[in-house]
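K.L.:
Provided below: start_20.txt, containing compact mmCIF, C-alpha atoms.
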# COMPACT_ATOMS: atom_id res chain seq x y z
CA MET A 158 19.41 16.35 -3.12
CA LEU A 159 16.82 14.40 -1.17
CA LYS A 160 15.45 11.05 -2.36
CA LEU A 161 11.70 10.58 -2.61
CA GLY A 162 10.36 7.08 -3.16
CA ILE A 163 6.81 6.27 -4.25
CA SER A 164 5.16 3.52 -6.26
CA THR A 165 3.99 3.69 -9.86
CA CYS A 166 0.40 3.18 -8.70
CA PRO A 167 -2.11 5.88 -9.70
CA ASN A 168 -2.99 6.78 -6.11
CA ASP A 169 0.65 7.66 -5.36
CA THR A 170 1.23 9.59 -8.57
CA PHE A 171 -2.13 11.37 -8.18
CA ILE A 172 -1.14 12.52 -4.67
CA TYR A 173 2.46 13.42 -5.42
CA GLU A 174 2.31 14.70 -9.02
CA ASN A 175 2.10 18.40 -8.20
CA LEU A 176 4.89 18.11 -5.65
CA ILE A 177 7.12 16.33 -8.16
CA VAL A 178 6.48 18.69 -11.07
CA GLY A 179 6.89 21.79 -8.90
CA ASN A 180 3.36 23.10 -8.44
CA ALA A 181 3.72 22.39 -4.71
CA LYS A 182 7.46 22.76 -4.44
CA LEU A 183 9.55 21.83 -1.42
CA SER A 184 12.32 24.10 -0.22
CA ARG A 185 14.88 21.39 -0.99
CA GLU A 186 15.54 19.65 -4.29
CA ILE A 187 14.35 16.07 -4.66
CA SER A 188 14.97 13.16 -6.98
CA VAL A 189 12.24 10.57 -7.41
CA GLU A 190 12.52 6.82 -7.40
CA TYR A 191 9.54 4.71 -8.49
CA ALA A 192 9.36 1.15 -7.17
CA ASP A 193 6.96 -1.47 -5.90
CA VAL A 194 6.01 -1.12 -2.25
CA GLN A 195 8.16 -4.01 -1.02
CA THR A 196 11.24 -2.40 -2.59
CA LEU A 197 10.30 0.91 -0.96
CA ASN A 198 9.89 -0.87 2.38
CA GLU A 199 13.34 -2.40 2.06
CA LYS A 200 14.94 0.90 1.10
CA VAL A 201 13.40 2.66 4.10
CA LEU A 202 14.48 -0.18 6.38
CA ALA A 203 18.00 0.42 5.06
CA GLY A 204 17.63 4.21 5.47
CA GLU A 205 18.16 4.84 1.75
CA LEU A 206 15.19 7.18 1.17
CA ASP A 207 14.54 10.57 2.76
CA ILE A 208 10.81 10.72 2.01
CA ALA A 209 8.80 7.66 1.06
CA LYS A 210 5.47 5.93 0.79
CA ILE A 211 5.65 2.59 2.60
CA SER A 212 3.42 -0.14 3.97
CA CYS A 213 1.82 0.72 7.30
CA ALA A 214 2.85 -2.77 8.40
CA VAL A 215 6.54 -1.86 8.27
CA PHE A 216 6.29 1.52 10.01
CA PRO A 217 6.82 0.25 13.59
CA SER A 218 10.17 -1.15 12.43
CA VAL A 219 11.37 2.27 11.24
CA ALA A 220 9.60 4.57 13.72
CA ASP A 221 12.88 5.34 15.47
CA LYS A 222 14.34 6.89 12.31
CA TYR A 223 11.32 8.14 10.37
CA THR A 224 8.45 10.48 11.22
CA LEU A 225 4.96 9.37 10.22
CA LEU A 226 3.33 12.06 8.11
CA LYS A 227 -0.38 12.74 8.43
CA SER A 228 -0.84 13.02 4.66
CA GLY A 229 0.07 11.04 1.56
CA GLY A 230 -1.09 7.65 2.76
CA ALA A 231 -3.66 5.08 1.75
CA ALA A 232 -6.35 3.90 4.14
CA GLY A 233 -10.04 3.32 3.95
CA PHE A 234 -12.89 0.85 3.78
CA GLY A 235 -13.53 -1.73 1.07
CA CYS A 236 -10.08 -1.30 -0.43
CA GLY A 237 -7.98 -4.07 1.10
CA PRO A 238 -5.96 -6.87 -0.51
CA LEU A 239 -7.68 -9.97 -1.87
CA LEU A 240 -6.74 -13.62 -1.51
CA LEU A 241 -7.35 -15.05 -4.97
CA SER A 242 -7.08 -18.45 -6.60
CA GLY A 243 -6.86 -19.49 -10.20
CA ILE A 244 -8.84 -22.67 -9.66
CA SER A 245 -11.22 -22.48 -6.68
CA GLU A 246 -12.90 -20.32 -4.03
CA ILE A 247 -11.56 -22.71 -1.35
CA PHE A 248 -8.29 -21.97 0.44
CA ASN A 249 -5.79 -24.81 0.23
CA PRO A 250 -3.35 -24.64 3.18
CA SER A 251 -1.15 -27.32 1.64
CA GLU A 252 -0.46 -25.10 -1.36
CA ILE A 253 1.98 -22.20 -1.24
CA THR A 254 0.28 -18.82 -0.89
CA TYR A 255 2.23 -16.13 -2.72
CA LEU A 256 2.44 -12.70 -1.10
CA PRO A 257 3.48 -9.35 -2.67
CA GLY A 258 6.49 -8.80 -0.40
CA LYS A 259 7.52 -9.88 3.08
CA ASN A 260 7.01 -6.49 4.72
CA THR A 261 3.79 -5.46 3.00
CA THR A 262 0.52 -4.78 4.77
CA ALA A 263 -1.00 -7.38 2.43
CA ALA A 264 1.28 -10.06 3.86
CA MET A 265 0.44 -9.05 7.41
CA LEU A 266 -3.31 -9.00 6.73
CA PHE A 267 -3.04 -12.51 5.27
CA LYS A 268 -1.35 -13.69 8.48
CA PHE A 269 -4.03 -11.93 10.51
CA TRP A 270 -6.77 -13.74 8.54
CA LEU A 271 -4.97 -17.08 8.72
CA PHE A 272 -4.62 -16.88 12.48
CA LYS A 273 -7.98 -15.37 13.39
CA PHE A 274 -10.20 -17.14 10.84
CA LEU A 275 -8.48 -20.48 10.33
CA GLN A 276 -6.65 -20.60 13.68
CA LYS A 277 -3.42 -21.45 11.88
CA LYS A 278 0.00 -20.16 12.91
CA GLU A 279 1.95 -22.15 10.34
CA ILE A 280 2.41 -20.16 7.17
CA ASN A 281 3.19 -21.88 3.86
CA ALA A 282 4.09 -18.77 1.89
CA ASP A 283 6.52 -17.36 -0.62
CA TYR A 284 6.97 -13.92 -2.16
CA LEU A 285 6.64 -12.40 -5.63
CA ARG A 286 6.48 -8.85 -6.94
CA PHE A 287 2.79 -7.82 -7.00
CA ASP A 288 2.46 -7.63 -10.80
CA ASP A 289 4.35 -10.89 -11.37
CA LEU A 290 2.17 -12.58 -8.76
CA TYR A 291 -1.03 -11.53 -10.50
CA ARG A 292 0.28 -12.51 -13.92
CA LYS A 293 1.22 -15.99 -12.70
CA LEU A 294 -2.21 -16.42 -11.12
CA CYS A 295 -3.82 -15.60 -14.46
CA GLU A 296 -1.48 -17.99 -16.27
CA LYS A 297 -2.28 -20.74 -13.71
CA LYS A 298 1.42 -21.03 -12.86
CA ILE A 299 0.60 -20.58 -9.17
CA THR A 300 -2.53 -21.68 -7.33
CA GLN A 301 -3.27 -18.88 -4.85
CA GLY A 302 -1.93 -15.51 -3.84
CA VAL A 303 -2.70 -12.16 -2.25
CA THR A 304 -3.22 -9.36 -4.74
CA ILE A 305 -3.28 -5.60 -4.30
CA HIS A 306 -4.03 -2.35 -6.10
CA GLU A 307 -6.00 -2.34 -9.34
CA HIS A 308 -6.34 -6.14 -9.40
CA ARG A 309 -9.41 -5.72 -7.22
CA PHE A 310 -11.07 -4.38 -10.39
CA THR A 311 -9.74 -6.97 -12.85
CA TYR A 312 -9.82 -10.39 -11.18
CA LYS A 313 -13.35 -11.27 -12.31
CA ARG A 314 -12.51 -10.27 -15.87
CA ASP A 315 -9.45 -12.50 -15.69
CA ASN A 316 -11.44 -15.50 -14.40
CA LEU A 317 -9.87 -15.63 -10.96
CA HIS A 318 -11.72 -16.74 -7.84
CA LEU A 319 -12.13 -14.73 -4.63
CA VAL A 320 -11.13 -16.81 -1.62
CA ALA A 321 -11.17 -14.02 0.97
CA ASP A 322 -11.37 -10.24 1.12
CA LEU A 323 -8.61 -9.65 3.67
CA GLY A 324 -9.45 -5.99 4.10
CA GLU A 325 -13.09 -6.71 4.80
CA PHE A 326 -12.03 -9.27 7.42
CA TRP A 327 -9.77 -6.68 9.09
CA GLU A 328 -12.63 -4.17 9.17
CA LYS A 329 -15.01 -6.65 10.82
CA GLU A 330 -12.45 -7.76 13.40
CA THR A 331 -11.06 -4.33 14.32
CA HIS A 332 -13.94 -1.95 13.42
CA SER A 333 -11.29 0.25 11.82
CA ALA A 334 -10.29 1.48 8.40
CA ILE A 335 -7.61 -0.58 6.69
CA PRO A 336 -4.17 1.05 7.18
CA LEU A 337 -2.57 0.17 3.86
CA GLY A 338 0.18 2.73 3.23
CA CYS A 339 1.70 5.77 4.88
CA SER A 340 4.21 8.45 4.02
CA VAL A 341 7.30 9.04 6.13
CA VAL A 342 10.26 11.42 6.29
CA LYS A 343 13.62 10.97 7.99
CA LYS A 344 13.67 12.38 11.52
CA GLU A 345 17.18 13.76 11.02
CA LEU A 346 15.72 16.28 8.57
CA GLY A 347 13.87 17.92 11.46
CA ALA A 348 10.32 18.46 12.61
CA ASP A 349 9.96 21.71 10.65
CA PHE A 350 10.84 19.98 7.41
CA ALA A 351 8.42 17.13 8.16
CA GLU A 352 5.68 19.72 8.60
CA GLU A 353 6.69 21.36 5.32
CA VAL A 354 6.46 18.01 3.51
CA ASP A 355 2.99 17.44 4.96
CA LEU A 356 1.81 20.84 3.77
CA CYS A 357 3.28 20.30 0.29
CA ILE A 358 1.64 16.90 -0.04
CA GLN A 359 -1.68 18.40 1.02
CA LYS A 360 -1.29 21.23 -1.50
CA SER A 361 -0.35 18.73 -4.22
CA LEU A 362 -3.41 16.65 -3.40
CA THR A 363 -5.73 19.67 -3.27
CA LEU A 364 -4.55 20.77 -6.73
CA ALA A 365 -5.12 17.24 -8.03
CA TRP A 366 -8.66 17.18 -6.67
CA GLU A 367 -9.41 20.58 -8.21
CA ARG A 368 -8.46 19.77 -11.79
CA LYS A 369 -11.09 18.75 -14.31
CA ASN A 370 -9.44 15.50 -15.42
CA PRO A 371 -8.08 13.34 -12.57
CA VAL A 372 -6.06 11.13 -14.94
CA THR A 373 -3.15 13.07 -16.38
CA ASP A 374 -0.42 12.13 -18.84
CA PHE A 375 1.97 12.07 -15.86
CA ILE A 376 -0.11 9.39 -14.10
CA ARG A 377 -0.86 7.51 -17.29
CA GLY A 378 2.79 7.41 -18.33
CA ILE A 379 4.00 5.93 -15.04
CA ALA A 380 1.14 3.55 -14.29
CA GLN A 381 1.39 -0.08 -15.34
CA ILE A 382 -2.24 0.11 -16.48
CA ASP A 383 -3.52 0.77 -19.99
CA ASP A 384 -7.12 1.59 -19.12
CA ASP A 385 -8.10 5.09 -17.92
CA ASN A 386 -11.27 3.75 -16.32
CA ILE A 387 -9.26 1.38 -14.14
CA ILE A 388 -6.80 4.17 -13.30
CA LEU A 389 -9.68 6.40 -12.23
CA SER A 390 -11.29 3.61 -10.19
CA HIS A 391 -7.93 3.04 -8.51
CA ILE A 392 -7.63 6.71 -7.58
CA LYS A 393 -11.21 6.92 -6.30
CA MET A 394 -10.74 3.85 -4.12
CA PHE A 395 -7.36 4.63 -2.58
CA VAL A 396 -7.36 8.44 -2.40
CA ASN A 397 -9.77 9.86 0.15
CA GLU A 398 -9.92 12.06 3.23
CA PHE A 399 -7.40 9.78 4.95
CA SER A 400 -4.89 10.62 2.22
CA PHE A 401 -5.14 14.27 3.28
CA ASP A 402 -5.09 13.58 7.01
CA ASN A 403 -4.86 10.10 8.52
CA LYS A 404 -6.30 11.19 11.86
CA GLY A 405 -8.51 8.44 13.21
CA VAL A 406 -6.85 5.62 11.29
CA LYS A 407 -5.82 2.74 13.55
CA MET A 408 -2.11 2.29 12.78
CA PRO A 409 -0.44 -1.07 13.41
CA SER A 410 1.47 -1.17 16.69
CA MET A 411 3.85 -3.64 18.22
CA LYS A 412 1.91 -3.28 21.51
CA ASP A 413 -1.59 -3.59 20.08
CA GLU A 414 -3.15 -6.90 21.13
CA ILE A 415 -5.29 -7.15 18.00
CA SER A 416 -2.54 -5.90 15.76
CA ILE A 417 -1.32 -7.88 12.82
CA PHE A 418 2.08 -7.70 14.47
CA THR A 419 0.81 -9.94 17.27
CA ILE A 420 0.53 -12.61 14.61
CA MET A 421 4.08 -11.99 13.45
CA GLN A 422 5.40 -12.53 16.95
CA THR A 423 3.77 -15.97 17.16
CA GLU A 424 5.58 -17.38 14.13
Could I get this file's structure written as structure tokens?

P.N.:
Amino acid sequence: MLKLGISTCPNDTFIYENLIVGNAKLSREISVEYADVQTLNEKVLAGELDIAKISCAVFPSVADKYTLLKSGGAAGFGCGPLLLSGISEIFNPSEITYLPGKNTTAAMLFKFWLFKFLQKKEINADYLRFDDLYRKLCEKKITQGVTIHEHRFTYKRDNLHLVADLGEFWEKETHSAIPLGCSVVKKELGADFAEEVDLCIQKSLTLAWERKNPVTDFIRGIAQIDDDNIILSHIKMFVNEFSFDNKGVKMPSMKDEISIFTIMQTE
């Protein structure tokens, strides 16, 4: 049985629901593991998942063992991670900035912003799970951190301050959509199977788009969100034509001079 790993976020469950429940069934049986994106990144780095949704930032590190699928990802405009503070709109470099995982695109975009905007190569950062990070920001237990997912829709409600829209900065600097997440499959499973997975994801997504109510009990039951309006906003922001086919999305590359990975290599 093959192992599929995706997050609990509504965009992932919206895309993959019909594949998981059998409406767009693969030829091989799968078991599903739900985890935060940093955990998924780590499992793919260790080769523990056969099919997975991961951060685009980590893909170059696993490209020798995993095939990048054209569907199932998350990319777009106006949907990037936010640098937030509980106390001010001013970035404080002397304070620790908390990031939602070492290998996440959010962490890399923060480094990109820090280097390009502030001309700083020194990074005073630590890591927390994305939901714990946001909760501690709200509780004023940490000063500043990079948040992802639905927190773009809730930070004003929760009296947090926007320091920088890291996705918007990426767009202005690169003139490209933000490559947040991508789906991958182990190369050892073969090119034909990778193509089958792509087609099944696309069928699953097409069925999801066709139904009357985008938010299903399946999505609602797995999401760590108790508001259908926020779930729907999350889906509308992170599921788009790039989720069906990522053609045209500028993927991070170790050789790309303006890549976020250039910043990593200067640390």

K.L.:
Hey, can you check how far CA of Val201 (chain A) sits from CA of Gly162 (chain A)?

P.N.:
9.0 Å

K.L.:
List every protein, DNA or RNA residue with an atom no more than 8 Å from (10.0, 8.8, 11.0) in the file's coordinates, counting only C-alpha atoms, and format the result as a CSV table (one decimal) with C-alpha atoms, in the frame of the given file.

P.N.:
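Below you can see point_26.csv, which holds the result:
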chain,number,residue,atom,x,y,z
A,219,VAL,CA,11.4,2.3,11.2
A,220,ALA,CA,9.6,4.6,13.7
A,221,ASP,CA,12.9,5.3,15.5
A,222,LYS,CA,14.3,6.9,12.3
A,223,TYR,CA,11.3,8.1,10.4
A,224,THR,CA,8.4,10.5,11.2
A,225,LEU,CA,5.0,9.4,10.2
A,226,LEU,CA,3.3,12.1,8.1
A,341,VAL,CA,7.3,9.0,6.1
A,342,VAL,CA,10.3,11.4,6.3
A,343,LYS,CA,13.6,11.0,8.0
A,344,LYS,CA,13.7,12.4,11.5

K.L.:
State, in Å with one decimal place, the distance from CA of Leu161 (chain A) to CA of Phe401 (chain A).

P.N.:
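If I compute the distance from CA of Leu161 (chain A) to CA of Phe401 (chain A), I get 18.2 Å.
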
K.L.:
Record the distance separating CA of Val354 (chain A) and CA of Ile208 (chain A), expressed in Å with one decimal.

P.N.:
8.6 Å

K.L.:
Determine, counting all atoms listed in the file, which protein, DNA and RNA residues have an atom within 9 Å of an atom of Ala365 (chain A); residues of the same chain fewer than 5 positions away are not included. Present the result as a PDB file with C-alpha atoms, in the coordinates of the input.

P.N.:
ATOM      1  CA  PHE A 171      -2.130  11.370  -8.180  1.00  0.00           C
ATOM      2  CA  ILE A 172      -1.140  12.520  -4.670  1.00  0.00           C
ATOM      3  CA  TYR A 173       2.460  13.420  -5.420  1.00  0.00           C
ATOM      4  CA  GLU A 174       2.310  14.700  -9.020  1.00  0.00           C
ATOM      5  CA  ASN A 175       2.100  18.400  -8.200  1.00  0.00           C
ATOM      6  CA  LYS A 360      -1.290  21.230  -1.500  1.00  0.00           C
ATOM      7  CA  ASN A 370      -9.440  15.500 -15.420  1.00  0.00           C
ATOM      8  CA  PRO A 371      -8.080  13.340 -12.570  1.00  0.00           C
TER       9      PRO A 371
END

K.L.:
Here's a test: counting all atoms listed in the file, identify every protein, DNA and RNA residue with an atom at most 12 Å from (-7.5, -4.8, -11.4) in the file's coordinate frame, and state them as a CSV table (one decimal) with C-alpha atoms, in the coordinates of the input.

P.N.:
chain,number,residue,atom,x,y,z
A,166,CYS,CA,0.4,3.2,-8.7
A,236,CYS,CA,-10.1,-1.3,-0.4
A,238,PRO,CA,-6.0,-6.9,-0.5
A,239,LEU,CA,-7.7,-10.0,-1.9
A,287,PHE,CA,2.8,-7.8,-7.0
A,288,ASP,CA,2.5,-7.6,-10.8
A,291,TYR,CA,-1.0,-11.5,-10.5
A,292,ARG,CA,0.3,-12.5,-13.9
A,295,CYS,CA,-3.8,-15.6,-14.5
A,304,THR,CA,-3.2,-9.4,-4.7
A,305,ILE,CA,-3.3,-5.6,-4.3
A,306,HIS,CA,-4.0,-2.4,-6.1
A,307,GLU,CA,-6.0,-2.3,-9.3
A,308,HIS,CA,-6.3,-6.1,-9.4
A,309,ARG,CA,-9.4,-5.7,-7.2
A,310,PHE,CA,-11.1,-4.4,-10.4
A,311,THR,CA,-9.7,-7.0,-12.8
A,312,TYR,CA,-9.8,-10.4,-11.2
A,313,LYS,CA,-13.4,-11.3,-12.3
A,314,ARG,CA,-12.5,-10.3,-15.9
A,315,ASP,CA,-9.4,-12.5,-15.7
A,316,ASN,CA,-11.4,-15.5,-14.4
A,317,LEU,CA,-9.9,-15.6,-11.0
A,381,GLN,CA,1.4,-0.1,-15.3
A,382,ILE,CA,-2.2,0.1,-16.5
A,383,ASP,CA,-3.5,0.8,-20.0
A,384,ASP,CA,-7.1,1.6,-19.1
A,385,ASP,CA,-8.1,5.1,-17.9
A,386,ASN,CA,-11.3,3.8,-16.3
A,387,ILE,CA,-9.3,1.4,-14.1
A,388,ILE,CA,-6.8,4.2,-13.3
A,389,LEU,CA,-9.7,6.4,-12.2
A,390,SER,CA,-11.3,3.6,-10.2
A,391,HIS,CA,-7.9,3.0,-8.5
A,394,MET,CA,-10.7,3.8,-4.1

K.L.:
Which neighbours of region 257-270 of chain A fall inside 9 Å, counting all atoms listed in the file, when residues of the same chain fewer than 6 positions from it are skipped, and could you give them as a PyMOL selection string?

P.N.:
chain A and resi 194-196+198-199+211-215+237-240+276-278+280+283-290+302-305+321+323-324+326-327+336-338+415-421

K.L.:
Between A:Lys227, A:Lys393, A:Lys160, A:Lys273, which residue has the minimum interatomic distance to Lys200 (chain A), considering all atoms listed in the file?

P.N.:
A:Lys160

K.L.:
Can you pull out every residue within 9 Å of Gly229 (chain A), counting all atoms listed in the file, but drop anything in the same chain fewer than 5 positions away, and send it as a VMD selection string?

P.N.:
chain A and resid 169 172 to 173 210 338 to 341 355 358 to 359 362 396 399 to 403

K.L.:
Would you please work out which residue, of A:Leu319, A:Ala192, A:Leu183, A:Glu205, is nearest to Gly243 (chain A) when using all atoms listed in the file?

P.N.:
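The closest residue to Gly243 (chain A) is A:Leu319.
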
K.L.:
Under the rule that only C-alpha atoms are counted, which of A:Ala351, A:Ile392, A:Ala334, A:Val320 is the nearest residue to Ile247 (chain A)?

P.N.:
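For Ile247 (chain A), the nearest of the candidates is A:Val320.
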
K.L.:
For each of A:Asp322, A:Glu352, A:Gly179, A:Asn168, take the minimum atom-to-atom distance to Arg377 (chain A), counting all atoms listed in the file, then give the residue where this is smallest.

P.N.:
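Nearest to Arg377 (chain A): A:Asn168.
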